[in-house]
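Source file: my_file_5.tsv; contents: TSV, C-alpha atoms and all ligand atoms.
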```
chain	number	residue	atom	x	y	z
A	1	MET	CA	0.00	0.00	0.00
A	2	PRO	CA	1.56	3.36	-0.96
A	3	LEU	CA	1.74	6.13	1.62
A	4	PHE	CA	-0.61	9.08	1.13
A	5	ASP	CA	1.76	11.51	-0.50
A	6	VAL	CA	1.52	14.78	1.44
A	7	TYR	CA	5.14	15.44	2.38
A	8	PRO	CA	7.93	16.55	0.05
A	9	LEU	CA	10.84	14.49	1.45
A	10	TYR	CA	14.59	15.03	1.57
A	11	ASN	CA	16.45	11.98	0.36
A	12	VAL	CA	17.95	11.11	3.78
A	13	THR	CA	17.04	8.13	5.95
A	14	PRO	CA	18.01	8.67	9.59
A	15	VAL	CA	18.19	5.40	11.50
A	16	SER	CA	19.81	6.45	14.77
A	17	GLY	CA	20.63	9.54	16.78
A	18	LYS	CA	22.79	10.65	19.70
A	19	GLY	CA	22.76	14.11	21.25
A	20	ILE	CA	22.86	16.77	18.51
A	21	HIS	CA	23.49	14.24	15.72
A	22	VAL	CA	21.52	11.79	13.63
A	23	TYR	CA	23.03	8.99	11.49
A	24	ASP	CA	21.65	7.77	8.18
A	25	ASP	CA	21.37	4.22	6.85
A	26	THR	CA	24.88	4.44	5.40
A	27	GLY	CA	26.42	5.66	8.66
A	28	VAL	CA	26.79	9.32	7.62
A	29	GLU	CA	26.55	11.78	10.55
A	30	TYR	CA	24.30	14.86	10.33
A	31	LEU	CA	24.27	17.86	12.68
A	32	ASP	CA	20.64	18.35	13.72
A	33	LEU	CA	19.82	22.04	14.13
A	34	TYR	CA	16.11	21.42	13.57
A	35	GLY	CA	15.19	18.64	16.01
A	36	GLY	CA	12.44	17.30	13.71
A	37	HIS	CA	10.29	20.50	13.93
A	38	ALA	CA	11.52	21.59	17.43
A	39	VAL	CA	10.65	18.28	19.03
A	40	ILE	CA	14.06	17.07	20.23
A	41	SER	CA	14.59	19.07	23.42
A	42	ILE	CA	17.12	17.07	25.48
A	43	GLY	CA	18.94	15.48	22.52
A	44	HIS	CA	18.54	12.24	20.62
A	45	ALA	CA	18.69	9.03	22.70
A	46	HIS	CA	19.51	10.87	25.94
A	47	SER	CA	20.47	8.24	28.53
A	48	ASN	CA	17.85	9.48	31.07
A	49	TYR	CA	15.18	9.28	28.41
A	50	VAL	CA	16.17	5.85	27.07
A	51	LYS	CA	16.28	4.47	30.61
A	52	ALA	CA	12.92	5.94	31.68
A	53	VAL	CA	11.02	4.95	28.52
A	54	THR	CA	12.56	1.47	28.38
A	55	GLN	CA	11.86	0.78	32.02
A	56	GLN	CA	8.25	2.03	31.73
A	57	VAL	CA	7.40	0.11	28.55
A	58	SER	CA	8.69	-3.10	30.10
A	59	GLN	CA	6.50	-2.46	33.15
A	60	LEU	CA	3.25	-0.88	31.84
A	61	GLY	CA	3.07	1.10	28.59
A	62	PHE	CA	-0.58	2.08	28.68
A	63	TYR	CA	-3.74	2.13	30.65
A	64	SER	CA	-6.66	4.49	30.08
A	65	ASN	CA	-7.91	7.48	32.06
A	66	ALA	CA	-10.34	5.33	34.05
A	67	VAL	CA	-7.81	4.35	36.73
A	68	GLN	CA	-5.30	6.05	39.02
A	69	ASN	CA	-2.06	7.01	37.21
A	70	PRO	CA	0.38	8.61	39.68
A	71	LEU	CA	2.80	9.38	36.83
A	72	GLN	CA	0.38	12.08	35.62
A	73	SER	CA	0.50	13.85	38.99
A	74	GLN	CA	4.29	13.55	39.13
A	75	LEU	CA	4.49	15.13	35.69
A	76	ALA	CA	2.05	17.91	36.64
A	77	ASP	CA	3.95	18.70	39.87
A	78	LYS	CA	7.32	18.81	38.14
A	79	LEU	CA	5.88	21.00	35.38
A	80	GLU	CA	4.42	23.40	37.94
A	81	THR	CA	7.79	23.68	39.73
A	82	LEU	CA	9.92	24.17	36.62
A	83	SER	CA	7.51	26.48	34.78
A	84	GLY	CA	6.58	28.59	37.81
A	85	CYS	CA	2.91	28.38	36.72
A	86	LYS	CA	1.61	28.01	40.26
A	87	GLY	CA	-1.97	26.86	40.70
A	88	TYR	CA	-2.57	25.93	37.05
A	89	GLU	CA	-4.03	22.46	36.36
A	90	LEU	CA	-2.89	20.07	33.62
A	91	PHE	CA	-4.87	18.18	30.98
A	92	LEU	CA	-2.83	15.76	28.87
A	93	ILE	CA	-3.29	14.91	25.20
A	94	ASN	CA	-1.06	13.79	22.34
A	95	SER	CA	-0.14	16.66	19.99
A	96	GLY	CA	0.02	20.40	19.47
A	97	ALA	CA	-3.16	20.67	17.40
A	98	GLU	CA	-5.02	18.64	19.99
A	99	ALA	CA	-3.70	20.95	22.73
A	100	ASN	CA	-5.02	24.03	20.91
A	101	GLU	CA	-8.30	22.32	19.99
A	102	ASN	CA	-8.92	21.56	23.65
A	103	ALA	CA	-7.78	25.04	24.69
A	104	LEU	CA	-10.28	26.66	22.29
A	105	LYS	CA	-13.04	24.28	23.35
A	106	LEU	CA	-12.43	25.02	27.02
A	107	ALA	CA	-12.45	28.78	26.33
A	108	SER	CA	-15.82	28.36	24.66
A	109	PHE	CA	-17.19	26.24	27.53
A	110	LYS	CA	-15.96	28.79	30.09
A	111	THR	CA	-17.30	31.93	28.36
A	112	GLY	CA	-20.32	30.52	26.51
A	113	LYS	CA	-19.04	32.34	23.39
A	114	LYS	CA	-17.69	30.98	20.12
A	115	ARG	CA	-15.68	33.45	18.03
A	116	VAL	CA	-11.86	33.34	18.17
A	117	VAL	CA	-9.31	36.07	17.48
A	118	ALA	CA	-5.97	34.93	16.05
A	119	PHE	CA	-3.12	36.65	14.22
A	120	SER	CA	-1.62	36.93	10.74
A	121	ASN	CA	1.01	34.35	9.93
A	122	GLY	CA	0.16	32.31	13.03
A	123	PHE	CA	0.13	28.51	13.08
A	124	HIS	CA	-1.93	26.51	15.58
A	125	GLY	CA	-2.40	23.07	13.96
A	126	ARG	CA	-4.56	21.26	11.43
A	127	THR	CA	-7.68	20.20	13.32
A	128	SER	CA	-11.19	21.65	13.38
A	129	ALA	CA	-10.92	25.01	15.17
A	130	ALA	CA	-7.11	25.16	15.42
A	131	VAL	CA	-6.75	25.10	11.64
A	132	VAL	CA	-9.13	28.03	11.15
A	133	ALA	CA	-7.10	30.01	13.70
A	134	THR	CA	-4.07	29.19	11.49
A	135	ASP	CA	-3.44	31.85	8.87
A	136	ASN	CA	-3.18	29.55	5.82
A	137	LYS	CA	-6.25	29.20	3.60
A	138	ASN	CA	-4.68	26.23	1.76
A	139	ILE	CA	-5.06	23.92	4.75
A	140	ILE	CA	-8.64	24.88	5.69
A	141	ALA	CA	-11.20	22.40	4.30
A	142	PRO	CA	-14.86	23.38	3.74
A	143	ILE	CA	-15.85	21.36	6.83
A	144	ASN	CA	-13.64	23.58	8.99
A	145	ALA	CA	-14.92	26.84	7.57
A	146	GLN	CA	-17.91	26.97	9.94
A	147	GLN	CA	-15.57	27.99	12.78
A	148	GLU	CA	-15.73	31.70	13.46
A	149	VAL	CA	-12.22	33.11	13.58
A	150	THR	CA	-11.12	36.69	12.97
A	151	ILE	CA	-7.49	37.07	11.98
A	152	LEU	CA	-5.88	40.40	12.85
A	153	PRO	CA	-2.41	41.79	12.17
A	154	LEU	CA	0.08	41.24	14.99
A	155	ASN	CA	0.42	44.42	17.13
A	156	ASP	CA	-3.08	45.69	16.20
A	157	VAL	CA	-4.23	46.53	19.75
A	158	GLU	CA	-7.11	48.69	18.49
A	159	GLY	CA	-8.36	45.84	16.26
A	160	VAL	CA	-8.33	43.46	19.24
A	161	ARG	CA	-10.22	46.02	21.35
A	162	VAL	CA	-12.91	46.47	18.68
A	163	GLU	CA	-13.39	42.71	18.23
A	164	LEU	CA	-13.43	41.86	21.95
A	165	GLU	CA	-15.88	44.66	22.78
A	166	LYS	CA	-18.41	43.07	20.39
A	167	GLY	CA	-18.87	40.55	23.23
A	168	ASP	CA	-18.81	37.25	21.29
A	169	VAL	CA	-15.10	36.33	21.42
A	170	CYS	CA	-14.29	33.30	23.59
A	171	ALA	CA	-10.53	33.32	23.04
A	172	VAL	CA	-7.55	35.19	21.73
A	173	ILE	CA	-4.84	32.72	20.71
A	174	VAL	CA	-1.27	33.82	20.08
A	175	GLU	CA	2.25	32.49	19.63
A	176	PHE	CA	4.58	34.76	21.61
A	177	ILE	CA	7.24	33.83	19.05
A	178	GLN	CA	5.80	32.68	15.73
A	179	GLY	CA	7.25	29.33	14.69
A	180	VAL	CA	6.06	28.12	11.29
A	181	GLY	CA	5.34	31.74	10.23
A	182	GLY	CA	8.96	32.79	10.57
A	183	LEU	CA	10.02	33.83	14.10
A	184	ASP	CA	8.26	37.21	14.22
A	185	GLN	CA	7.25	38.53	17.67
A	186	GLY	CA	4.64	41.02	18.76
A	187	ALA	CA	5.63	44.11	20.75
A	188	THR	CA	5.67	44.01	24.57
A	189	GLU	CA	2.92	46.69	24.72
A	190	PHE	CA	0.80	44.63	22.34
A	191	PHE	CA	0.93	41.42	24.39
A	192	GLU	CA	0.33	43.27	27.66
A	193	ALA	CA	-2.60	45.23	26.20
A	194	VAL	CA	-4.18	42.05	24.78
A	195	ASP	CA	-3.87	40.39	28.20
A	196	LYS	CA	-5.75	43.30	29.79
A	197	LEU	CA	-8.39	43.43	27.04
A	198	CYS	CA	-9.07	39.71	27.49
A	199	LYS	CA	-9.56	40.14	31.22
A	200	ALA	CA	-11.87	43.13	30.71
A	201	ASN	CA	-14.05	41.31	28.16
A	202	ASN	CA	-14.47	37.78	29.60
A	203	THR	CA	-12.25	36.37	26.84
A	204	MET	CA	-9.71	33.61	27.48
A	205	PHE	CA	-6.09	34.47	26.60
A	206	ILE	CA	-4.46	31.33	25.11
A	207	ALA	CA	-0.67	31.18	24.87
A	208	ASP	CA	0.29	28.69	22.17
A	209	GLU	CA	3.62	27.46	23.56
A	210	VAL	CA	3.61	24.29	21.46
A	211	GLN	CA	6.87	25.32	19.79
A	212	SER	CA	8.21	28.12	22.02
A	213	GLY	CA	7.65	26.37	25.37
A	214	TYR	CA	9.82	24.06	27.46
A	215	GLY	CA	12.75	26.47	27.71
A	216	ARG	CA	13.31	27.04	24.01
A	217	SER	CA	12.93	30.84	24.26
A	218	GLY	CA	15.28	31.19	27.26
A	219	GLN	CA	12.39	31.23	29.76
A	220	PHE	CA	10.34	28.12	30.48
A	221	PHE	CA	7.52	29.74	28.47
A	222	ALA	CA	7.94	32.53	25.92
A	223	PHE	CA	5.03	34.49	27.48
A	224	GLN	CA	7.18	34.81	30.62
A	225	HIS	CA	9.26	37.45	28.83
A	226	TYR	CA	6.18	39.69	29.34
A	227	ASP	CA	3.89	40.75	32.17
A	228	VAL	CA	0.88	38.62	31.17
A	229	THR	CA	-1.19	35.83	32.74
A	230	PRO	CA	-2.63	33.48	30.12
A	231	ASP	CA	-5.80	31.58	31.01
A	232	ILE	CA	-4.68	28.52	29.03
A	233	ILE	CA	-1.18	27.50	27.88
A	234	SER	CA	-0.81	24.84	25.18
A	235	ILE	CA	2.28	22.63	25.05
A	236	ALA	CA	3.56	19.71	22.96
A	237	LYS	CA	6.70	19.40	20.79
A	238	GLY	CA	9.65	19.50	23.24
A	239	MET	CA	7.56	17.96	26.00
A	240	GLY	CA	8.29	14.33	25.07
A	241	ASN	CA	11.60	14.61	23.13
A	242	GLY	CA	9.90	12.67	20.33
A	243	PHE	CA	7.28	10.72	22.25
A	244	PRO	CA	3.85	12.11	21.19
A	245	ILE	CA	2.53	14.06	24.17
A	246	GLY	CA	0.77	17.41	24.51
A	247	GLY	CA	-1.07	19.27	27.19
A	248	ILE	CA	-2.86	22.37	28.32
A	249	LEU	CA	-2.15	24.25	31.54
A	250	ILE	CA	-5.42	25.67	32.81
A	251	HIS	CA	-5.77	28.67	35.13
A	252	PRO	CA	-7.52	27.87	38.44
A	253	ASP	CA	-10.38	30.27	37.52
A	254	ILE	CA	-11.56	27.64	35.02
A	255	GLN	CA	-13.48	24.88	36.79
A	256	SER	CA	-13.29	21.28	35.63
A	257	LYS	CA	-16.36	19.08	35.25
A	258	TYR	CA	-16.53	15.32	34.58
A	259	GLY	CA	-16.74	14.61	30.87
A	260	MET	CA	-15.88	18.16	29.81
A	261	LEU	CA	-12.68	17.00	28.05
A	262	GLY	CA	-11.40	13.49	27.42
A	263	THR	CA	-9.01	11.28	25.47
A	264	THR	CA	-8.06	7.62	25.17
A	265	PHE	CA	-4.30	7.90	24.74
A	266	GLY	CA	-3.60	11.25	26.43
A	267	GLY	CA	-1.54	10.98	29.63
A	268	ASN	CA	-0.71	7.31	29.19
A	269	HIS	CA	2.06	5.77	31.28
A	270	LEU	CA	4.69	5.74	28.57
A	271	ALA	CA	4.01	9.35	27.57
A	272	CYS	CA	4.29	10.44	31.21
A	273	ALA	CA	7.58	8.58	31.66
A	274	ALA	CA	8.97	10.33	28.56
A	275	GLY	CA	7.65	13.70	29.78
A	276	LEU	CA	9.13	13.24	33.24
A	277	ALA	CA	12.53	12.27	31.82
A	278	VAL	CA	12.51	15.50	29.77
A	279	LEU	CA	11.66	17.71	32.75
A	280	ASN	CA	14.17	15.98	35.04
A	281	THR	CA	16.89	16.46	32.43
A	282	ILE	CA	16.01	20.12	31.84
A	283	GLU	CA	16.43	20.62	35.60
A	284	GLU	CA	19.50	18.41	36.20
A	285	GLU	CA	21.45	19.83	33.25
A	286	ASP	CA	20.30	23.44	33.75
A	287	LEU	CA	19.29	23.49	30.11
A	288	ILE	CA	17.51	26.84	30.19
A	289	ALA	CA	20.80	28.51	31.20
A	290	ASN	CA	22.40	26.69	28.26
A	291	VAL	CA	19.66	27.99	25.93
A	292	ASN	CA	20.48	31.56	26.94
A	293	ALA	CA	24.25	31.10	26.65
A	294	MET	CA	24.15	29.21	23.34
A	295	GLY	CA	21.43	31.47	21.90
A	296	ALA	CA	23.63	34.53	22.58
A	297	TYR	CA	26.68	32.77	21.08
A	298	PHE	CA	24.69	31.80	17.97
A	299	ILE	CA	23.44	35.35	17.46
A	300	GLU	CA	26.96	36.82	17.85
A	301	LYS	CA	28.22	34.48	15.15
A	302	ALA	CA	25.22	35.20	12.90
A	303	LYS	CA	25.89	38.95	13.12
A	304	ALA	CA	29.28	38.38	11.48
A	305	ILE	CA	27.73	36.87	8.31
A	306	PRO	CA	27.08	39.72	5.83
A	307	GLU	CA	24.46	37.73	3.87
A	308	VAL	CA	22.26	37.48	7.01
A	309	LYS	CA	19.93	40.46	6.68
A	310	ALA	CA	17.94	39.97	9.91
A	311	ILE	CA	18.15	37.74	12.98
A	312	LYS	CA	14.78	36.87	14.53
A	313	GLY	CA	13.54	34.96	17.59
A	314	ARG	CA	14.94	34.31	21.05
A	315	GLY	CA	16.98	31.67	22.88
A	316	LEU	CA	17.34	28.61	20.65
A	317	MET	CA	14.37	29.51	18.48
A	318	ILE	CA	16.21	31.56	15.88
A	319	GLY	CA	15.51	32.72	12.34
A	320	LEU	CA	18.19	33.88	9.91
A	321	GLU	CA	16.68	35.98	7.14
A	322	PHE	CA	18.42	36.40	3.78
A	323	ASP	CA	17.53	38.46	0.72
A	324	PHE	CA	16.92	35.25	-1.30
A	325	GLU	CA	14.77	32.15	-0.84
A	326	VAL	CA	16.61	29.55	1.22
A	327	GLY	CA	15.24	26.30	-0.29
A	328	ASP	CA	18.45	25.58	-2.24
A	329	LEU	CA	20.63	26.64	0.67
A	330	ARG	CA	18.84	24.14	2.94
A	331	LYS	CA	19.34	21.38	0.39
A	332	ASP	CA	22.99	22.30	0.07
A	333	LEU	CA	23.39	22.27	3.87
A	334	ILE	CA	21.86	18.81	4.12
A	335	TYR	CA	23.41	17.08	1.12
A	336	ASN	CA	26.85	18.69	0.98
A	337	TYR	CA	27.51	19.83	4.55
A	338	LYS	CA	25.38	17.28	6.48
A	339	VAL	CA	23.44	19.85	8.51
A	340	PHE	CA	19.66	19.84	9.11
A	341	THR	CA	17.96	23.25	9.28
A	342	GLY	CA	14.31	24.29	8.98
A	343	GLY	CA	12.31	26.52	6.68
A	344	ALA	CA	9.28	28.71	7.40
A	345	ALA	CA	6.29	30.32	5.68
A	346	ASN	CA	8.73	33.18	5.14
A	347	LYS	CA	10.70	31.57	2.31
A	348	LYS	CA	13.77	33.73	2.94
A	349	LEU	CA	14.23	32.46	6.48
A	350	LEU	CA	16.29	29.56	7.88
A	351	ARG	CA	14.72	28.25	11.08
A	352	ILE	CA	17.15	27.02	13.74
A	353	LEU	CA	15.65	24.82	16.49
A	354	PRO	CA	18.44	22.65	17.91
A	355	PRO	CA	18.27	20.41	20.97
A	356	LEU	CA	18.57	22.56	24.11
A	357	ASN	CA	21.89	20.92	25.09
A	358	ILE	CA	23.75	22.10	21.99
A	359	GLU	CA	27.36	23.18	22.57
A	360	LYS	CA	29.61	25.88	21.07
A	361	GLN	CA	31.47	23.34	18.90
A	362	HIS	CA	28.20	22.44	17.13
A	363	ILE	CA	27.39	26.09	16.51
A	364	ASP	CA	30.92	26.64	15.15
A	365	GLN	CA	30.46	23.64	12.85
A	366	PHE	CA	27.16	25.09	11.57
A	367	PHE	CA	28.65	28.50	10.80
A	368	GLU	CA	31.63	26.96	8.99
A	369	ALA	CA	29.16	25.01	6.84
A	370	LEU	CA	26.92	28.04	6.30
A	371	GLU	CA	29.81	30.25	5.23
A	372	LYS	CA	31.01	27.64	2.72
A	373	ALA	CA	27.49	27.03	1.42
A	374	LEU	CA	26.89	30.76	1.01
A	375	THR	CA	30.17	31.29	-0.81
A	376	TYR	CA	29.34	28.44	-3.19
A	377	ALA	CA	25.75	29.67	-3.65
A	378	LEU	CA	26.95	33.20	-4.37
A	379	VAL	CA	29.48	31.95	-6.92
A	380	GLU	CA	26.68	29.91	-8.55
A	381	LYS	CA	24.50	33.03	-8.89
B	401	LIG	C1	2.89	26.95	17.51
B	401	LIG	C2	2.33	25.65	17.05
B	401	LIG	N1	1.11	25.28	17.46
B	401	LIG	C3	0.56	24.10	17.09
B	401	LIG	C4	1.23	23.24	16.26
B	401	LIG	C5	0.60	21.93	15.85
B	401	LIG	O1	1.27	20.89	16.47
B	401	LIG	P1	1.09	19.37	15.94
B	401	LIG	O2	1.80	19.29	14.63
B	401	LIG	O3	1.75	18.55	17.03
B	401	LIG	O4	-0.36	19.11	15.84
B	401	LIG	C6	2.50	23.59	15.79
B	401	LIG	C7	3.24	22.70	14.87
B	401	LIG	O5	4.16	23.08	14.20
B	401	LIG	C8	3.06	24.82	16.21
B	401	LIG	O6	4.27	25.21	15.77
```
Show this structure as structure tokens.
Amino acid sequence: MPLFDVYPLYNVTPVSGKGIHVYDDTGVEYLDLYGGHAVISIGHAHSNYVKAVTQQVSQLGFYSNAVQNPLQSQLADKLETLSGCKGYELFLINSGAEANENALKLASFKTGKKRVVAFSNGFHGRTSAAVVATDNKNIIAPINAQQEVTILPLNDVEGVRVELEKGDVCAVIVEFIQGVGGLDQGATEFFEAVDKLCKANNTMFIADEVQSGYGRSGQFFAFQHYDVTPDIISIAKGMGNGFPIGGILIHPDIQSKYGMLGTTFGGNHLACAAGLAVLNTIEEEDLIANVNAMGAYFIEKAKAIPEVKAIKGRGLMIGLEFDFEVGDLRKDLIYNYKVFTGGAANKKLLRILPPLNIEKQHIDQFFEALEKALTYALVEK
């Protein structure tokens, strides 16, 4: 049976990984500055992770949410401590879209309203309501179009005020650093004004931290660079270092009720073991300090490359913008220099999302490759 052909694929077949590297089926080593869409947080095959997941799967991989599962509470407690989100409650699911879908649903339950405000160039996933909040008409099917979402430009405080004062908006959803869109960020005044407008208008403020969370921005959550208090925080990618797990952190003002949300696989034993290994490693290895140090080092090196026209993002969620489309450069980096990087909706931007335990030597290796690739590309032009 052929696979449904929806992904344009690079001709590389990774079969193993260790730390910042992956190895293909012929043994060639690649430097992974993309982490499979920002998923690899503590590095490939981290010993803590391998041990925790192996031990758990040999003991009990899964049971449903009909019985006690102390691993869920351990995960929630550790997440509360490391994130500093005191008093929030945790609901576990399996992916980023599912996190946002549940966040939007909960906002609608809480407020009794149904319109959503989202922002240009945002990405929130491919499911029912999340996909309509995503600013890409090509991925919205007719069945999704019934969702009521108003998309405003980032930084349009007046637009948000006008929409929220109409009284029918259940949620404002925002990425504090845009991922898929291309690493753009709203202004501090914008985020803080939106937070206040939400509180004044009985609208839930949803921080989509699916990509920017778990330390990647240099704070546990990217919203923590600002003076805001989201009602719901959605998480996924880095949470399981590759094991599918997502969640929403829910402000204590939102009351739970039996049956309100639910899932078969969400919060299963194996997912929790993976999630706990990630949090323990972030703590033990002080990875958020490393994000700040390595992010600063990366940006210093990027500033010395004349072809880099703008540097976007924070921490280890970095975009390098050029004055040409980077598709060929990415291919060159993979095939000739053995380096994985990411692209974005902004075709002129290289997206850099390495594991959080990257070291200076890996960054040096990337810049050596980039300089050579750029020289070659410029000669080719
Ligand atoms: C900010 C953000 N939200 C949501 C999603 C959707 O996550 P998933 O692909 O796990 O459904 C993504 C995926 O790239 C994302 O970057």
Collect all residues with atoms no farther than 6 Å from ligand LIG 401 (chain B), counting all atoms listed in the file, and output them as a ChimeraX atom specification.
-> /A:95-97,123-125,175,179-180,208,210-211
Compile the contact shell of Glu165 of chain A as a ChimeraX atom specification: residues with an atom at most 10 Å away, counting all atoms listed in the file, same-chain residues fewer than 4 positions apart removed.
-> /A:160-161,169,197-198,200-203
Produce the centre coordinates and the three edge lengths, each in Å to one decimal, of the box along x, y and z that contains all listed atoms of segment 312-327 of chain A with 3 Å added on each side, as AutoDock Vina command-line options.
```
--center_x 16.0 --center_y 32.4 --center_z 10.8 --size_x 10.9 --size_y 18.2 --size_z 30.2
```
Separation of atom CA of Leu106 of chain A from atom CA of Asn241 of chain A, in Å and rounded to one decimal = 26.5 Å
Which of these, A:Met317, A:Leu333, A:Ile250, A:Val50, has the shortest distance to Pro355 of chain A once you count all atoms listed in the file?
->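 Among A:Met317, A:Leu333, A:Ile250, A:Val50, it is A:Met317 that comes nearest to Pro355 of chain A.
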Pick the closest to Ala274 of chain A from A:Ala76, A:Met239, A:Ile177, A:Ala38: which is it, counting all atoms listed in the file?
->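 So, comparing all the options, the nearest one is A:Met239.
In terms of minimum interatomic distance to Lys78 of chain A, A:Leu276 ranks closest within A:Leu31, A:Thr134, A:Leu276, A:Ile232, counting only C-alpha atoms.
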Nearest residue to Gln365 of chain A from the set A:Tyr30, A:Tyr23, A:Tyr49, A:Phe4 (distances using all atoms listed in the file) |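 Checking each of A:Tyr30, A:Tyr23, A:Tyr49, A:Phe4 against Gln365 of chain A, counting all atoms listed in the file, the winner is A:Tyr30.
When all atoms listed in the file are used to compute distances to Phe176 of chain A, the closest of the residues A:Asp156, A:Glu209, A:Glu189, A:Asp25 turns out to be A:Glu209.
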